[in-house]
>>> print(open('run_1.pdb').read())   # PDB, C-alpha atoms
ATOM      1  CA  MET B   1      -6.955   9.390  14.189
ATOM      2  CA  THR B   2      -7.523  12.886  12.848
ATOM      3  CA  ALA B   3      -5.456  15.564  11.199
ATOM      4  CA  PRO B   4      -5.974  19.104   9.965
ATOM      5  CA  ARG B   5      -7.891  19.329   6.720
ATOM      6  CA  VAL B   6      -7.500  21.963   4.051
ATOM      7  CA  ASP B   7      -9.630  22.775   1.045
ATOM      8  CA  VAL B   8      -7.978  21.612  -2.151
ATOM      9  CA  PRO B   9      -8.553  24.065  -5.016
ATOM     10  CA  ARG B  10      -9.313  22.695  -8.430
ATOM     11  CA  GLY B  11      -6.487  23.082 -10.876
ATOM     12  CA  VAL B  12      -4.151  21.152 -13.087
ATOM     13  CA  GLY B  13      -4.859  17.436 -12.802
ATOM     14  CA  THR B  14      -7.992  17.762 -10.633
ATOM     15  CA  LEU B  15     -10.733  17.830 -13.267
ATOM     16  CA  ARG B  16     -10.885  14.020 -13.465
ATOM     17  CA  GLU B  17      -9.941  13.485  -9.845
ATOM     18  CA  LYS B  18     -11.815  10.723  -8.049
ATOM     19  CA  PRO B  19     -13.467  11.499  -4.678
ATOM     20  CA  LEU B  20     -11.189   9.192  -2.669
ATOM     21  CA  HIS B  21      -8.032  10.731  -4.115
ATOM     22  CA  ALA B  22      -9.299  14.266  -3.524
ATOM     23  CA  ALA B  23     -10.329  13.501   0.061
ATOM     24  CA  LEU B  24      -7.030  11.849   0.935
ATOM     25  CA  LYS B  25      -5.057  14.674  -0.635
ATOM     26  CA  ALA B  26      -7.018  17.157   1.483
ATOM     27  CA  TRP B  27      -6.445  15.011   4.581
ATOM     28  CA  VAL B  28      -2.686  14.840   4.019
ATOM     29  CA  ALA B  29      -2.228  18.456   2.902
ATOM     30  CA  GLU B  30      -0.845  21.197   5.114
ATOM     31  CA  PRO B  31      -1.651  24.901   4.584
ATOM     32  CA  SER B  32       1.751  25.729   3.100
ATOM     33  CA  ASP B  33       1.734  22.887   0.555
ATOM     34  CA  LEU B  34       1.756  23.563  -3.164
ATOM     35  CA  ILE B  35      -1.079  21.578  -4.745
ATOM     36  CA  GLU B  36      -0.981  19.961  -8.191
ATOM     37  CA  HIS B  37       2.368  21.600  -8.812
ATOM     38  CA  ALA B  38       4.601  20.918 -11.833
ATOM     39  CA  VAL B  39       8.038  19.486 -10.969
ATOM     40  CA  ASP B  40      10.534  18.224 -13.570
ATOM     41  CA  GLY B  41       7.804  17.707 -16.131
ATOM     42  CA  PHE B  42       5.414  15.885 -13.773
ATOM     43  CA  VAL B  43       2.348  17.185 -11.924
ATOM     44  CA  ILE B  44       2.796  16.409  -8.216
ATOM     45  CA  ASP B  45      -0.131  16.110  -5.820
ATOM     46  CA  LEU B  46       1.535  18.019  -2.976
ATOM     47  CA  VAL B  47       4.884  19.779  -2.726
ATOM     48  CA  ARG B  48       6.020  20.406   0.856
ATOM     49  CA  GLY B  49       9.358  22.177   0.849
ATOM     50  CA  ASP B  50      11.853  19.717  -0.612
ATOM     51  CA  THR B  51       9.435  16.770  -0.368
ATOM     52  CA  LEU B  52       7.102  15.632  -3.144
ATOM     53  CA  ILE B  53       3.980  13.791  -1.954
ATOM     54  CA  GLU B  54       1.982  11.543  -4.261
ATOM     55  CA  VAL B  55      -1.357  10.063  -3.183
ATOM     56  CA  GLN B  56      -1.780   6.754  -4.977
ATOM     57  CA  THR B  57      -5.067   4.971  -4.365
ATOM     58  CA  ARG B  58      -4.154   1.994  -6.562
ATOM     59  CA  GLY B  59      -1.851   0.814  -9.322
ATOM     60  CA  PHE B  60       1.744   1.487  -8.234
ATOM     61  CA  ALA B  61       2.867   0.232 -11.655
ATOM     62  CA  SER B  62       1.794   3.557 -13.160
ATOM     63  CA  MET B  63       4.567   5.288 -11.156
ATOM     64  CA  LYS B  64       7.451   3.048 -12.265
ATOM     65  CA  ARG B  65       8.761   5.594 -14.776
ATOM     66  CA  LYS B  66       7.972   8.672 -12.732
ATOM     67  CA  LEU B  67       9.491   7.853  -9.340
ATOM     68  CA  PRO B  68      13.103   7.000 -10.318
ATOM     69  CA  LYS B  69      13.378  10.264 -12.237
ATOM     70  CA  LEU B  70      11.968  12.340  -9.366
ATOM     71  CA  LEU B  71      14.187  10.599  -6.820
ATOM     72  CA  GLU B  72      17.290  11.776  -8.650
ATOM     73  CA  ALA B  73      16.802  15.241  -7.167
ATOM     74  CA  HIS B  74      13.919  15.120  -4.673
ATOM     75  CA  ASP B  75      12.598  13.369  -1.592
ATOM     76  CA  VAL B  76       9.395  11.541  -2.551
ATOM     77  CA  ARG B  77       6.673  10.156  -0.310
ATOM     78  CA  VAL B  78       3.956   7.873  -1.678
ATOM     79  CA  VAL B  79       0.739   7.761   0.363
ATOM     80  CA  HIS B  80      -1.494   4.722  -0.152
ATOM     81  CA  PRO B  81      -4.857   3.911   1.512
ATOM     82  CA  ILE B  82      -5.883   0.440   2.630
ATOM     83  CA  PRO B  83      -9.446   0.059   3.965
ATOM     84  CA  VAL B  84      -9.814  -1.799   7.220
ATOM     85  CA  GLU B  85     -13.553  -1.390   6.717
ATOM     86  CA  LYS B  86     -15.396  -0.983   3.434
ATOM     87  CA  TRP B  87     -19.086  -0.397   2.848
ATOM     88  CA  ILE B  88     -20.450  -1.440  -0.550
ATOM     89  CA  LEU B  89     -23.271   0.714  -1.926
ATOM     90  CA  ARG B  90     -25.300  -0.469  -4.906
ATOM     91  CA  LEU B  91     -26.927   2.312  -6.901
ATOM     92  CA  GLY B  92     -29.831   2.182  -9.329
ATOM     93  CA  GLU B  93     -29.917   3.739 -12.800
ATOM     94  CA  GLY B  94     -31.112   7.023 -11.362
ATOM     95  CA  GLY B  95     -28.506   7.078  -8.623
ATOM     96  CA  GLU B  96     -30.873   5.871  -5.903
ATOM     97  CA  LEU B  97     -29.417   3.690  -3.154
ATOM     98  CA  LEU B  98     -30.479   0.057  -3.566
ATOM     99  CA  SER B  99     -28.437  -1.512  -0.796
ATOM    100  CA  ARG B 100     -25.582  -0.877   1.618
ATOM    101  CA  ARG B 101     -23.570  -3.674   3.197
ATOM    102  CA  ARG B 102     -20.222  -4.048   4.899
ATOM    103  CA  SER B 103     -17.606  -6.071   3.054
ATOM    104  CA  PRO B 104     -16.285  -9.030   5.070
ATOM    105  CA  ARG B 105     -12.741  -8.225   3.923
ATOM    106  CA  ARG B 106     -10.613  -6.260   6.382
ATOM    107  CA  GLY B 107      -7.437  -4.780   4.985
ATOM    108  CA  ALA B 108      -4.151  -4.292   6.816
ATOM    109  CA  ALA B 109      -0.820  -2.605   6.161
ATOM    110  CA  ILE B 110       0.624  -5.859   4.779
ATOM    111  CA  ASP B 111      -1.699  -5.531   1.782
ATOM    112  CA  VAL B 112       0.596  -2.807   0.463
ATOM    113  CA  PHE B 113       2.975  -5.537  -0.753
ATOM    114  CA  ALA B 114       0.527  -6.387  -3.549
ATOM    115  CA  GLU B 115       1.333  -2.962  -5.019
ATOM    116  CA  LEU B 116       4.918  -2.525  -3.808
ATOM    117  CA  VAL B 117       6.031  -5.386  -6.081
ATOM    118  CA  SER B 118       6.205  -2.732  -8.810
ATOM    119  CA  PHE B 119       9.317  -1.117  -7.256
ATOM    120  CA  PRO B 120      10.366  -2.765  -3.952
ATOM    121  CA  GLU B 121      14.011  -1.745  -4.404
ATOM    122  CA  LEU B 122      13.074   1.911  -3.939
ATOM    123  CA  VAL B 123      12.451   1.319  -0.225
ATOM    124  CA  ALA B 124      16.232   1.183   0.254
ATOM    125  CA  ASN B 125      16.587   4.619  -1.371
ATOM    126  CA  PRO B 126      16.972   7.206   1.434
ATOM    127  CA  ARG B 127      15.015   9.734  -0.639
ATOM    128  CA  PHE B 128      11.962   7.471  -0.840
ATOM    129  CA  SER B 129       9.303   6.858   1.785
ATOM    130  CA  LEU B 130       5.955   5.116   1.808
ATOM    131  CA  GLU B 131       3.032   5.795   4.103
ATOM    132  CA  VAL B 132       0.003   3.536   4.426
ATOM    133  CA  LEU B 133      -3.229   5.136   5.591
ATOM    134  CA  ILE B 134      -5.638   2.703   7.230
ATOM    135  CA  THR B 135      -9.107   3.887   6.243
ATOM    136  CA  ARG B 136     -12.816   3.327   6.365
ATOM    137  CA  GLU B 137     -14.347   3.733   2.910
ATOM    138  CA  GLU B 138     -17.488   3.481   0.822
ATOM    139  CA  GLU B 139     -17.412   1.815  -2.589
ATOM    140  CA  LEU B 140     -20.165   2.809  -5.012
ATOM    141  CA  ARG B 141     -21.236   0.276  -7.642
ATOM    142  CA  ARG B 142     -23.615   0.424 -10.608
ATOM    143  CA  PHE B 143     -24.907  -2.475 -12.669
ATOM    144  CA  GLU B 144     -23.627  -2.740 -16.239
ATOM    145  CA  ALA B 145     -24.560  -5.925 -18.073
ATOM    146  CA  GLY B 146     -21.627  -7.777 -19.557
ATOM    147  CA  ARG B 147     -18.991  -6.156 -17.356
ATOM    148  CA  ALA B 148     -17.240  -7.118 -14.111
ATOM    149  CA  TRP B 149     -18.247 -10.768 -14.332
ATOM    150  CA  ARG B 150     -16.657 -11.559 -10.973
ATOM    151  CA  ARG B 151     -19.094  -9.099  -9.383
ATOM    152  CA  LYS B 152     -21.955 -10.248 -11.648
ATOM    153  CA  GLY B 153     -22.115  -6.983 -13.573
ATOM    154  CA  TRP B 154     -21.698  -4.589 -10.640
ATOM    155  CA  VAL B 155     -19.010  -2.090 -11.679
ATOM    156  CA  VAL B 156     -17.096   0.016  -9.150
ATOM    157  CA  GLU B 157     -17.910   3.628  -9.993
ATOM    158  CA  GLU B 158     -15.942   5.360  -7.257
ATOM    159  CA  ARG B 159     -14.579   5.087  -3.738
ATOM    160  CA  ARG B 160     -15.227   7.587  -0.972
ATOM    161  CA  LEU B 161     -13.358   8.235   2.251
ATOM    162  CA  ILE B 162     -15.252   7.928   5.512
ATOM    163  CA  GLU B 163     -12.258   8.446   7.795
ATOM    164  CA  VAL B 164      -8.576   7.748   8.297
ATOM    165  CA  VAL B 165      -8.143   5.605  11.396
ATOM    166  CA  ASP B 166      -4.364   5.114  11.434
ATOM    167  CA  ARG B 167      -1.191   5.858   9.507
ATOM    168  CA  VAL B 168       1.753   3.481   9.088
ATOM    169  CA  PRO B 169       5.043   5.073   7.951
ATOM    170  CA  LEU B 170       7.286   2.745   5.949
ATOM    171  CA  ASP B 171      10.312   4.949   5.466
ATOM    172  CA  ALA B 172      13.114   2.375   5.652
ATOM    173  CA  PRO B 173      13.729  -1.336   5.045
ATOM    174  CA  ALA B 174      13.534  -2.015   8.800
ATOM    175  CA  ALA B 175       9.986  -0.595   8.828
ATOM    176  CA  LEU B 176       8.988  -3.162   6.210
ATOM    177  CA  GLY B 177      10.637  -5.864   8.295
ATOM    178  CA  ARG B 178       8.415  -4.983  11.235
ATOM    179  CA  LEU B 179       5.423  -6.101   9.166
ATOM    180  CA  LEU B 180       6.608  -9.696   9.410
ATOM    181  CA  PRO B 181       4.163 -11.456  11.756
ATOM    182  CA  PRO B 182       5.183 -12.130  15.373
ATOM    183  CA  GLY B 183       5.926 -15.744  16.100
ATOM    184  CA  LEU B 184       7.320 -16.432  12.633
ATOM    185  CA  ASP B 185      10.373 -18.700  12.784
ATOM    186  CA  ASP B 186      13.776 -17.202  12.032
ATOM    187  CA  GLU B 187      13.837 -19.340   8.883
ATOM    188  CA  PHE B 188      10.637 -19.669   6.892
ATOM    189  CA  THR B 189       9.047 -20.425   3.523
ATOM    190  CA  THR B 190       6.282 -18.427   1.877
ATOM    191  CA  SER B 191       3.805 -21.157   2.857
ATOM    192  CA  GLU B 192       4.767 -20.686   6.500
ATOM    193  CA  LEU B 193       4.641 -16.930   6.093
ATOM    194  CA  ALA B 194       1.133 -17.160   4.605
ATOM    195  CA  GLU B 195       0.001 -19.301   7.525
ATOM    196  CA  ALA B 196       1.411 -16.829  10.049
ATOM    197  CA  LEU B 197      -0.195 -13.916   8.205
ATOM    198  CA  ARG B 198      -3.485 -15.815   7.774
ATOM    199  CA  ARG B 199      -3.497 -14.603   4.210
ATOM    200  CA  PRO B 200      -3.251 -16.297   0.791
ATOM    201  CA  ARG B 201       0.157 -17.555  -0.256
ATOM    202  CA  ARG B 202       0.076 -15.128  -3.185
ATOM    203  CA  LEU B 203       0.376 -12.191  -0.772
ATOM    204  CA  ALA B 204       3.118 -14.000   1.175
ATOM    205  CA  GLN B 205       5.053 -14.457  -2.066
ATOM    206  CA  GLN B 206       4.652 -10.764  -2.918
ATOM    207  CA  MET B 207       5.782  -9.821   0.579
ATOM    208  CA  ALA B 208       8.841 -12.075   0.365
ATOM    209  CA  TYR B 209       9.731 -10.649  -3.053
ATOM    210  CA  CYS B 210       9.566  -7.079  -1.719
ATOM    211  CA  LEU B 211      11.453  -7.803   1.474
ATOM    212  CA  ARG B 212      14.176  -9.605  -0.438
ATOM    213  CA  ALA B 213      14.526  -6.742  -2.937
ATOM    214  CA  ALA B 214      14.718  -4.270  -0.040
ATOM    215  CA  GLY B 215      17.434  -6.350   1.641
ATOM    216  CA  VAL B 216      15.299  -7.263   4.662
ATOM    217  CA  ILE B 217      15.364 -11.017   4.071
ATOM    218  CA  GLU B 218      17.589 -13.317   2.055
ATOM    219  CA  ALA B 219      17.268 -16.775   0.532
ATOM    220  CA  ILE B 220      19.457 -19.201   2.465
ATOM    221  CA  ASP B 221      18.316 -22.661   1.428
ATOM    222  CA  LYS B 222      15.720 -24.792  -0.318
ATOM    223  CA  ARG B 223      13.328 -27.212   1.326
ATOM    224  CA  ALA B 224      11.943 -29.563  -1.316
ATOM    225  CA  ASN B 225      10.847 -27.028  -3.951
ATOM    226  CA  ALA B 226      10.371 -24.162  -1.494
ATOM    227  CA  VAL B 227      12.866 -21.353  -0.911
ATOM    228  CA  VAL B 228      13.833 -20.827   2.721
ATOM    229  CA  TYR B 229      14.261 -17.221   3.852
ATOM    230  CA  ALA B 230      15.896 -15.604   6.865
ATOM    231  CA  ARG B 231      15.975 -12.040   8.190
ATOM    232  CA  THR B 232      19.040  -9.903   7.541
ATOM    233  CA  GLU B 233      20.539  -7.182   9.750
ATOM    234  CA  ALA B 234      18.491  -4.646   7.746
ATOM    235  CA  ALA B 235      15.316  -6.101   9.280
ATOM    236  CA  GLY B 236      16.186  -4.309  12.518
TER     237      GLY B 236
END
>>> encode(input="run_1.pdb", output="structure tokens")
Amino acid sequence: MTAPRVDVPRGVGTLREKPLHAALKAWVAEPSDLIEHAVDGFVIDLVRGDTLIEVQTRGFASMKRKLPKLLEAHDVRVVHPIPVEKWILRLGEGGELLSRRRSPRRGAAIDVFAELVSFPELVANPRFSLEVLITREEELRRFEAGRAWRRKGWVVEERRLIEVVDRVPLDAPAALGRLLPPGLDDEFTTSELAEALRRPRRLAQQMAYCLRAAGVIEAIDKRANAVVYARTEAAG
């Protein structure tokens, strides 16, 4: 999937901008957008008429203070990338390429729930919308002894966009509800949700937390120690 690209001029807030953020902002931007524009004391990535657009590559928690204040007077859209394909590049001390391999992990729109737990209730706010961009990316890593022990010292230096392959608008609670997997029983636990998703139960728990906060599902019972959920009318 492609879209018009525009050159993003350097300005307020762009001096430390990471390549992935800059590339996504350019991909999303339209020619009439205001870029890195100050609104109500905050620097906004893109201002399109009455809509404020923030590209957030990770860490939704950093927006918990910002978004509620902006939503008092503005429509706000958060754009978040999730890589369906990621290539891992290992670089030497001089920047030379040591290896390039494809990560076995394939992301999907449901992965957004790991971040949305920071403010799931905002999905029910008519001024708020969320858009997931399904991407192909490169992740550059350098070796630094004593750091990133899970990756044996290989530290992520930056992420780069290869392409955007799809976009998933999540602009209402019902849109979140459509991310529930097909074939899931009308009543379910997070263990059953995880099995249907073919993902760890941790993600299923985060998804259930978000959907419940957005009014898409509700707790109706307990089965042993597990909460039983069911869809509400808001699920669509």
>>> resolve_selection(input="run_1.pdb", expression="the PyMOL selection byres ((chain B and resi 209) around 12)", output="ChimeraX atom specification")
/B:113-121,176,189-190,202-208,210-219,227,229
>>> closest_residue(input="run_1.pdb", among="B:Trp27, B:Leu140, B:Ile110, B:Ala174", to="B:Ala194", atoms="only C-alpha atoms")
B:Ile110
>>> residues_around(input="run_1.pdb", residues="B:Val79", least_positions_apart="3", cutoff="10 Å", atoms="all atoms listed in the file", output="PyMOL selection string")
chain B and resi 24-25+28+53-57+76+129-133+167-170
>>> write_last_selection(input="run_1.pdb", atoms="C-alpha atoms", output="compact mmCIF listing (two decimals), in the coordinates of the input")
# COMPACT_ATOMS: atom_id res chain seq x y z
CA LEU B 24 -7.03 11.85 0.94
CA LYS B 25 -5.06 14.67 -0.64
CA VAL B 28 -2.69 14.84 4.02
CA ILE B 53 3.98 13.79 -1.95
CA GLU B 54 1.98 11.54 -4.26
CA VAL B 55 -1.36 10.06 -3.18
CA GLN B 56 -1.78 6.75 -4.98
CA THR B 57 -5.07 4.97 -4.36
CA VAL B 76 9.40 11.54 -2.55
CA SER B 129 9.30 6.86 1.78
CA LEU B 130 5.96 5.12 1.81
CA GLU B 131 3.03 5.80 4.10
CA VAL B 132 0.00 3.54 4.43
CA LEU B 133 -3.23 5.14 5.59
CA ARG B 167 -1.19 5.86 9.51
CA VAL B 168 1.75 3.48 9.09
CA PRO B 169 5.04 5.07 7.95
CA LEU B 170 7.29 2.74 5.95
>>> closest_residue(input="run_1.pdb", among="B:Asp75, B:Glu36, B:Glu139, B:Glu93", to="B:Thr51", atoms="all atoms listed in the file")
B:Asp75
>>> atom_distance(input="run_1.pdb", atom1="atom CA of B:Phe188", atom2="atom CA of B:Pro81")
28.7 Å
>>> resolve_selection(input="run_1.pdb", expression="the PyMOL selection byres ((chain B and resi 157) around 7)", output="list in words")
Leu140, Arg141, Arg142, Val155, Val156 and Glu158 of chain B
>>> closest_residue(input="run_1.pdb", among="B:Arg201, B:His80, B:Phe128, B:Lys66", to="B:Asp166", atoms="only C-alpha atoms")
B:His80
>>> resolve_selection(input="run_1.pdb", expression="the PyMOL selection byres ((chain B and resi 184) around 12)", output="ChimeraX atom specification")
/B:177-183,185-198,229-231
>>> residues_around(input="run_1.pdb", residues="stretch 85-92 of chain B", least_positions_apart="4", cutoff="7 Å", atoms="all atoms listed in the file", output="list in words")
Glu96, Leu97, Leu98, Ser99, Arg100, Arg101, Arg102, Ser103, Arg106, Thr135, Arg136, Glu137, Glu138, Glu139, Leu140, Arg141 and Arg142 of chain B
>>> atom_distance(input="run_1.pdb", atom1="atom CA of B:Pro104", atom2="atom CA of B:Glu17")
27.7 Å
>>> atom_distance(input="run_1.pdb", atom1="atom CA of B:Gly59", atom2="atom CA of B:Ala73")
23.7 Å
>>> axis_aligned_box(input="run_1.pdb", around="stretch 99-110 of chain B", padding_each_side="5 Å", output="AutoDock Vina command-line options")
--center_x -13.9 --center_y -5.0 --center_z 3.0 --size_x 39.1 --size_y 18.2 --size_z 17.6
>>> closest_residue(input="run_1.pdb", among="B:Asn225, B:Ile162, B:Arg199, B:Ala235", to="B:Ala175", atoms="all atoms listed in the file")
B:Ala235
>>> build_atoms(input="run_1.pdb", residues="stretch 155-166 of chain B", atoms="all heavy atoms", output="JSON list (two decimals), in the frame of the given file")
[["chain", "number", "residue", "atom", "x", "y", "z"],
["B", 155, "VAL", "N", -20.26, -2.79, -11.38],
["B", 155, "VAL", "CA", -19.01, -2.09, -11.68],
["B", 155, "VAL", "C", -18.73, -1.05, -10.60],
["B", 155, "VAL", "O", -19.63, -0.31, -10.19],
["B", 155, "VAL", "CB", -19.09, -1.40, -13.06],
["B", 155, "VAL", "CG1", -17.83, -0.59, -13.35],
["B", 155, "VAL", "CG2", -19.32, -2.44, -14.16],
["B", 156, "VAL", "N", -17.48, -1.00, -10.14],
["B", 156, "VAL", "CA", -17.10, 0.02, -9.15],
["B", 156, "VAL", "C", -17.03, 1.37, -9.85],
["B", 156, "VAL", "O", -16.25, 1.57, -10.77],
["B", 156, "VAL", "CB", -15.73, -0.31, -8.52],
["B", 156, "VAL", "CG1", -15.32, 0.80, -7.55],
["B", 156, "VAL", "CG2", -15.78, -1.65, -7.79],
["B", 157, "GLU", "N", -17.87, 2.29, -9.41],
["B", 157, "GLU", "CA", -17.91, 3.63, -9.99],
["B", 157, "GLU", "C", -16.93, 4.57, -9.31],
["B", 157, "GLU", "O", -16.23, 5.34, -9.96],
["B", 157, "GLU", "CB", -19.32, 4.19, -9.90],
["B", 157, "GLU", "CG", -19.49, 5.55, -10.55],
["B", 157, "GLU", "CD", -20.93, 6.00, -10.57],
["B", 157, "GLU", "OE1", -21.38, 6.60, -9.58],
["B", 157, "GLU", "OE2", -21.62, 5.72, -11.58],
["B", 158, "GLU", "N", -16.88, 4.51, -7.99],
["B", 158, "GLU", "CA", -15.94, 5.36, -7.26],
["B", 158, "GLU", "C", -15.84, 4.88, -5.82],
["B", 158, "GLU", "O", -16.65, 4.08, -5.35],
["B", 158, "GLU", "CB", -16.38, 6.83, -7.28],
["B", 158, "GLU", "CG", -17.70, 7.09, -6.60],
["B", 158, "GLU", "CD", -18.15, 8.54, -6.74],
["B", 158, "GLU", "OE1", -18.06, 9.10, -7.83],
["B", 158, "GLU", "OE2", -18.60, 9.10, -5.72],
["B", 159, "ARG", "N", -14.78, 5.36, -5.15],
["B", 159, "ARG", "CA", -14.58, 5.09, -3.74],
["B", 159, "ARG", "C", -14.61, 6.41, -2.98],
["B", 159, "ARG", "O", -14.15, 7.43, -3.50],
["B", 159, "ARG", "CB", -13.24, 4.37, -3.51],
["B", 159, "ARG", "CG", -13.17, 3.01, -4.14],
["B", 159, "ARG", "CD", -11.74, 2.58, -4.38],
["B", 159, "ARG", "NE", -10.98, 2.41, -3.14],
["B", 159, "ARG", "CZ", -9.66, 2.31, -3.09],
["B", 159, "ARG", "NH1", -8.94, 2.41, -4.20],
["B", 159, "ARG", "NH2", -9.05, 2.14, -1.92],
["B", 160, "ARG", "N", -15.13, 6.38, -1.78],
["B", 160, "ARG", "CA", -15.23, 7.59, -0.97],
["B", 160, "ARG", "C", -14.65, 7.34, 0.42],
["B", 160, "ARG", "O", -14.84, 6.26, 0.99],
["B", 160, "ARG", "CB", -16.69, 8.04, -0.84],
["B", 160, "ARG", "CG", -17.32, 8.49, -2.15],
["B", 160, "ARG", "CD", -18.77, 8.87, -1.96],
["B", 160, "ARG", "NE", -19.39, 9.32, -3.19],
["B", 160, "ARG", "CZ", -20.69, 9.57, -3.31],
["B", 160, "ARG", "NH1", -21.49, 9.42, -2.26],
["B", 160, "ARG", "NH2", -21.18, 9.99, -4.48],
["B", 161, "LEU", "N", -13.97, 8.33, 0.93],
["B", 161, "LEU", "CA", -13.36, 8.24, 2.25],
["B", 161, "LEU", "C", -14.39, 8.54, 3.34],
["B", 161, "LEU", "O", -15.10, 9.54, 3.27],
["B", 161, "LEU", "CB", -12.19, 9.22, 2.36],
["B", 161, "LEU", "CG", -11.46, 9.27, 3.69],
["B", 161, "LEU", "CD1", -10.71, 7.97, 3.94],
["B", 161, "LEU", "CD2", -10.51, 10.47, 3.73],
["B", 162, "ILE", "N", -14.46, 7.65, 4.32],
["B", 162, "ILE", "CA", -15.25, 7.93, 5.51],
["B", 162, "ILE", "C", -14.35, 8.55, 6.58],
["B", 162, "ILE", "O", -14.65, 9.61, 7.12],
["B", 162, "ILE", "CB", -15.91, 6.64, 6.06],
["B", 162, "ILE", "CG1", -16.89, 6.07, 5.02],
["B", 162, "ILE", "CG2", -16.62, 6.94, 7.38],
["B", 162, "ILE", "CD1", -17.51, 4.74, 5.43],
["B", 163, "GLU", "N", -13.23, 7.88, 6.86],
["B", 163, "GLU", "CA", -12.26, 8.45, 7.80],
["B", 163, "GLU", "C", -10.93, 7.72, 7.68],
["B", 163, "GLU", "O", -10.86, 6.59, 7.18],
["B", 163, "GLU", "CB", -12.76, 8.38, 9.24],
["B", 163, "GLU", "CG", -12.89, 6.98, 9.79],
["B", 163, "GLU", "CD", -13.21, 6.96, 11.28],
["B", 163, "GLU", "OE1", -12.77, 7.88, 12.00],
["B", 163, "GLU", "OE2", -13.90, 6.02, 11.71],
["B", 164, "VAL", "N", -9.88, 8.37, 8.14],
["B", 164, "VAL", "CA", -8.58, 7.75, 8.30],
["B", 164, "VAL", "C", -8.44, 7.35, 9.76],
["B", 164, "VAL", "O", -8.58, 8.20, 10.64],
["B", 164, "VAL", "CB", -7.44, 8.71, 7.89],
["B", 164, "VAL", "CG1", -6.07, 8.07, 8.17],
["B", 164, "VAL", "CG2", -7.55, 9.08, 6.42],
["B", 165, "VAL", "N", -8.18, 6.07, 10.01],
["B", 165, "VAL", "CA", -8.14, 5.60, 11.40],
["B", 165, "VAL", "C", -6.72, 5.39, 11.91],
["B", 165, "VAL", "O", -6.50, 5.29, 13.12],
["B", 165, "VAL", "CB", -8.97, 4.31, 11.56],
["B", 165, "VAL", "CG1", -10.42, 4.56, 11.24],
["B", 165, "VAL", "CG2", -8.42, 3.18, 10.70],
["B", 166, "ASP", "N", -5.74, 5.29, 10.99],
["B", 166, "ASP", "CA", -4.36, 5.11, 11.43],
["B", 166, "ASP", "C", -3.45, 5.41, 10.26],
["B", 166, "ASP", "O", -3.89, 5.45, 9.09],
["B", 166, "ASP", "CB", -4.13, 3.68, 11.92],
["B", 166, "ASP", "CG", -2.87, 3.53, 12.77],
["B", 166, "ASP", "OD1", -2.24, 4.56, 13.09],
["B", 166, "ASP", "OD2", -2.53, 2.39, 13.12]]
